[in-house]
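J.: Have a look at this one before I ask anything.
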Amino acid sequence: MQDTEVLRQSVEDKIRICLKEYFPDFNEFPGGAFTVSQGSAVISIFLRVWHEGDIAVTFTSQLVTGAVVDANLMEWLLKKNSEINFGAFGLLFDNTIVYSHTLPGMDLSDSELTSTLATMATIADFYDGVIVEMAGGKLGIEYEIF
């Protein structure tokens with residue numbers, strides 16, 4: 001098995017090269033974190049050790065903060081999770097509504113990375129406005145914390 005730090009660095013390098021080619025306006029942060037903006041969506045990419053032989057690449061978009069998170073919104077988000085093919089809505093500790101998806105990093109191709117980012121951006125860019133209309137709050141791009 002490869003050392004996990006070597007593995008993580010390899011996946012980080014692969015992502016950086018792909019982002020430079022397809023999303024040249026991306027941002028990079030220490031520790032293998034990146035952001036890509038498209039429309040009202042900001043997608044963060046984080047790397048975490050998944051197991052000894054792979055790295056998890058997590059894509060997350062913070063959609064809405066300050067929404068009224070009640071039973072109706074929760075039910076709606078859960079039902080949307082069953083309709084959307086990839087990723088899922090969730091809540092952070094402060095009730096920020098997010099949309100996220102995770103892929104294994106070792107065999108991550110440019111095609112998987114770019115299609116995941118495009119799908120994430122499309123879904124986040126659409127549903128952030130729908131959620132604000134339903135439950136109030138601010139769009140993620142309005143409170144960017146990166």
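So you can find residues: chains in the structure tokens are A, B, ... in the order shown, residues in each start at 1, and ligands are numbered from 1 in order.
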Write out as a compact mmCIF listing (two decimals) with N, CA and C atoms, in the first residue's frame the residues lying within 9 Å of A:Gly129, counting only C-alpha atoms and excluding same-chain residues fewer than 2 positions away.
T.:
# COMPACT_ATOMS: atom_id res chain seq x y z
N SER A 40 -24.44 31.16 -9.23
CA SER A 40 -24.50 31.48 -7.80
C SER A 40 -23.89 30.38 -6.94
N LEU A 63 -25.37 26.13 0.07
CA LEU A 63 -26.44 26.75 -0.70
C LEU A 63 -27.08 27.95 -0.01
N VAL A 64 -27.53 27.73 1.23
CA VAL A 64 -28.33 28.75 1.91
C VAL A 64 -27.99 28.75 3.40
N ALA A 124 -26.80 23.17 -7.58
CA ALA A 124 -26.67 24.20 -6.54
C ALA A 124 -27.22 25.53 -7.03
N ASP A 125 -26.88 25.90 -8.26
CA ASP A 125 -27.31 27.18 -8.82
C ASP A 125 -28.83 27.25 -8.95
N PHE A 126 -29.47 26.14 -9.21
CA PHE A 126 -30.93 26.11 -9.31
C PHE A 126 -31.59 26.07 -7.93
N TYR A 127 -31.19 25.11 -7.11
CA TYR A 127 -31.92 24.87 -5.86
C TYR A 127 -31.64 25.90 -4.77
N ILE A 131 -34.76 27.20 -2.52
CA ILE A 131 -34.77 27.09 -1.06
C ILE A 131 -34.97 28.45 -0.40
N VAL A 132 -34.31 29.49 -0.92
CA VAL A 132 -34.51 30.84 -0.36
C VAL A 132 -35.96 31.27 -0.51
N GLU A 133 -36.58 30.97 -1.65
CA GLU A 133 -38.00 31.31 -1.83
C GLU A 133 -38.88 30.57 -0.83
N MET A 134 -38.55 29.31 -0.55
CA MET A 134 -39.35 28.50 0.37
C MET A 134 -39.13 28.86 1.83
N LEU A 139 -28.26 33.31 -0.08
CA LEU A 139 -27.53 32.41 -0.97
C LEU A 139 -26.10 32.25 -0.48
J.: Hey, what does DSSP flag as strand (DSSP E or B) within chain A? Can you give it to me as a tab-separated table (two decimals) with C-alpha atoms, in the first residue's frame?
T.:
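Final file, result.tsv:
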chain	number	residue	atom	x	y	z
A	27	ASN	CA	-9.02	29.01	-6.00
A	28	GLU	CA	-6.61	26.83	-4.06
A	29	PHE	CA	-6.16	26.73	-0.31
A	33	ALA	CA	-8.76	22.40	-0.78
A	34	PHE	CA	-10.08	24.12	-3.90
A	35	THR	CA	-13.12	26.18	-4.89
A	36	VAL	CA	-14.80	26.63	-8.25
A	37	SER	CA	-17.51	29.25	-8.87
A	38	GLN	CA	-20.24	28.97	-11.46
A	41	ALA	CA	-22.76	28.24	-6.85
A	42	VAL	CA	-19.40	27.96	-5.14
A	43	ILE	CA	-18.22	24.35	-5.01
A	44	SER	CA	-15.53	23.43	-2.50
A	45	ILE	CA	-13.35	20.39	-3.07
A	46	PHE	CA	-11.79	18.74	-0.02
A	47	LEU	CA	-9.53	15.70	0.24
A	48	ARG	CA	-9.70	13.25	3.13
A	49	VAL	CA	-8.08	9.91	3.76
A	50	TRP	CA	-10.79	7.35	3.10
A	51	HIS	CA	-8.87	4.18	3.76
A	54	ASP	CA	-7.70	5.71	-1.38
A	55	ILE	CA	-8.56	9.33	-0.80
A	56	ALA	CA	-12.13	10.66	-0.64
A	57	VAL	CA	-12.73	13.72	-2.82
A	58	THR	CA	-15.71	15.60	-1.41
A	59	PHE	CA	-17.49	18.29	-3.42
A	60	THR	CA	-19.68	20.60	-1.32
A	61	SER	CA	-21.67	23.70	-2.11
A	62	GLN	CA	-23.06	25.80	0.71
A	63	LEU	CA	-26.44	26.75	-0.70
A	64	VAL	CA	-28.33	28.75	1.91
A	65	THR	CA	-27.69	30.08	5.40
A	88	ALA	CA	-27.47	14.89	-1.47
A	89	PHE	CA	-28.72	17.87	0.47
A	90	GLY	CA	-27.66	18.15	4.09
A	91	LEU	CA	-27.30	20.50	7.05
A	97	ILE	CA	-28.05	23.93	3.79
A	98	VAL	CA	-25.46	22.21	1.63
A	99	TYR	CA	-25.34	19.97	-1.39
A	100	SER	CA	-22.48	17.47	-1.52
A	101	HIS	CA	-21.12	14.45	-3.32
A	102	THR	CA	-18.03	12.30	-2.72
A	103	LEU	CA	-15.93	10.28	-5.15
A	104	PRO	CA	-12.91	8.01	-4.69
A	138	LYS	CA	-29.16	34.06	2.03
A	139	LEU	CA	-27.53	32.41	-0.97
J.: Taking the chain letters and numbering used in this document, name the residues of stretch 54-100 of chain A that DSSP puts in helix (DSSP H, G or I), as a ChimeraX atom specification.
T.: /A:71-83
J.: Just to be explicit: take each residue in the selection above, keep N, CA and C atoms, and write the result as a PDB file, in the first residue's frame.
T.:
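Written file, part12.pdb:
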ATOM      1  N   ALA A  71     -39.964  21.354   9.656  1.00  0.00           N
ATOM      2  CA  ALA A  71     -40.316  20.003   9.187  1.00  0.00           C
ATOM      3  C   ALA A  71     -40.649  19.989   7.701  1.00  0.00           C
ATOM      4  N   ASN A  72     -41.305  21.029   7.201  1.00  0.00           N
ATOM      5  CA  ASN A  72     -41.660  21.072   5.777  1.00  0.00           C
ATOM      6  C   ASN A  72     -40.418  21.133   4.895  1.00  0.00           C
ATOM      7  N   LEU A  73     -39.471  21.975   5.262  1.00  0.00           N
ATOM      8  CA  LEU A  73     -38.237  22.077   4.481  1.00  0.00           C
ATOM      9  C   LEU A  73     -37.452  20.769   4.549  1.00  0.00           C
ATOM     10  N   MET A  74     -37.366  20.193   5.734  1.00  0.00           N
ATOM     11  CA  MET A  74     -36.626  18.929   5.891  1.00  0.00           C
ATOM     12  C   MET A  74     -37.245  17.829   5.032  1.00  0.00           C
ATOM     13  N   GLU A  75     -38.561  17.739   5.030  1.00  0.00           N
ATOM     14  CA  GLU A  75     -39.236  16.730   4.217  1.00  0.00           C
ATOM     15  C   GLU A  75     -38.964  16.986   2.735  1.00  0.00           C
ATOM     16  N   TRP A  76     -39.024  18.233   2.322  1.00  0.00           N
ATOM     17  CA  TRP A  76     -38.772  18.585   0.927  1.00  0.00           C
ATOM     18  C   TRP A  76     -37.344  18.200   0.521  1.00  0.00           C
ATOM     19  N   LEU A  77     -36.362  18.534   1.382  1.00  0.00           N
ATOM     20  CA  LEU A  77     -34.958  18.199   1.084  1.00  0.00           C
ATOM     21  C   LEU A  77     -34.765  16.685   0.983  1.00  0.00           C
ATOM     22  N   LEU A  78     -35.368  15.934   1.901  1.00  0.00           N
ATOM     23  CA  LEU A  78     -35.240  14.474   1.859  1.00  0.00           C
ATOM     24  C   LEU A  78     -35.866  13.886   0.606  1.00  0.00           C
ATOM     25  N   LYS A  79     -36.993  14.408   0.208  1.00  0.00           N
ATOM     26  CA  LYS A  79     -37.636  13.919  -1.016  1.00  0.00           C
ATOM     27  C   LYS A  79     -36.801  14.275  -2.242  1.00  0.00           C
ATOM     28  N   LYS A  80     -36.218  15.460  -2.256  1.00  0.00           N
ATOM     29  CA  LYS A  80     -35.331  15.841  -3.365  1.00  0.00           C
ATOM     30  C   LYS A  80     -34.122  14.909  -3.425  1.00  0.00           C
ATOM     31  N   ASN A  81     -33.609  14.496  -2.259  1.00  0.00           N
ATOM     32  CA  ASN A  81     -32.472  13.564  -2.245  1.00  0.00           C
ATOM     33  C   ASN A  81     -32.805  12.269  -2.983  1.00  0.00           C
ATOM     34  N   SER A  82     -34.043  11.837  -2.898  1.00  0.00           N
ATOM     35  CA  SER A  82     -34.425  10.593  -3.570  1.00  0.00           C
ATOM     36  C   SER A  82     -34.637  10.794  -5.072  1.00  0.00           C
ATOM     37  N   GLU A  83     -34.787  12.034  -5.509  1.00  0.00           N
ATOM     38  CA  GLU A  83     -35.009  12.333  -6.925  1.00  0.00           C
ATOM     39  C   GLU A  83     -33.712  12.620  -7.683  1.00  0.00           C
TER      40      GLU A  83
END
J.: Interatomic distance between atom CA of A:Thr4 and atom CA of A:Leu108?
T.: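 For atom CA of A:Thr4 relative to atom CA of A:Leu108, the distance reads 16.1 Å.
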J.: My list of candidates is A:Leu7, A:Ala67, A:Val130, A:Ile17. Which is closest to A:Glu52 when distances are computed with only C-alpha atoms?
T.: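 For A:Glu52, the nearest of the candidates is A:Leu7.
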J.: Write out as a PyMOL selection string which residues come within 9 Å of A:Val68 when counting only C-alpha atoms, dropping same-chain ones fewer than 6 positions away.
T.: chain A and resi 95+134-137
J.: For atom CA of A:Asp110 and atom CA of A:Ser10, quote the distance in Å rounded to one decimal.
T.: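 If I compute the distance from atom CA of A:Asp110 to atom CA of A:Ser10, I get 13.8 Å.
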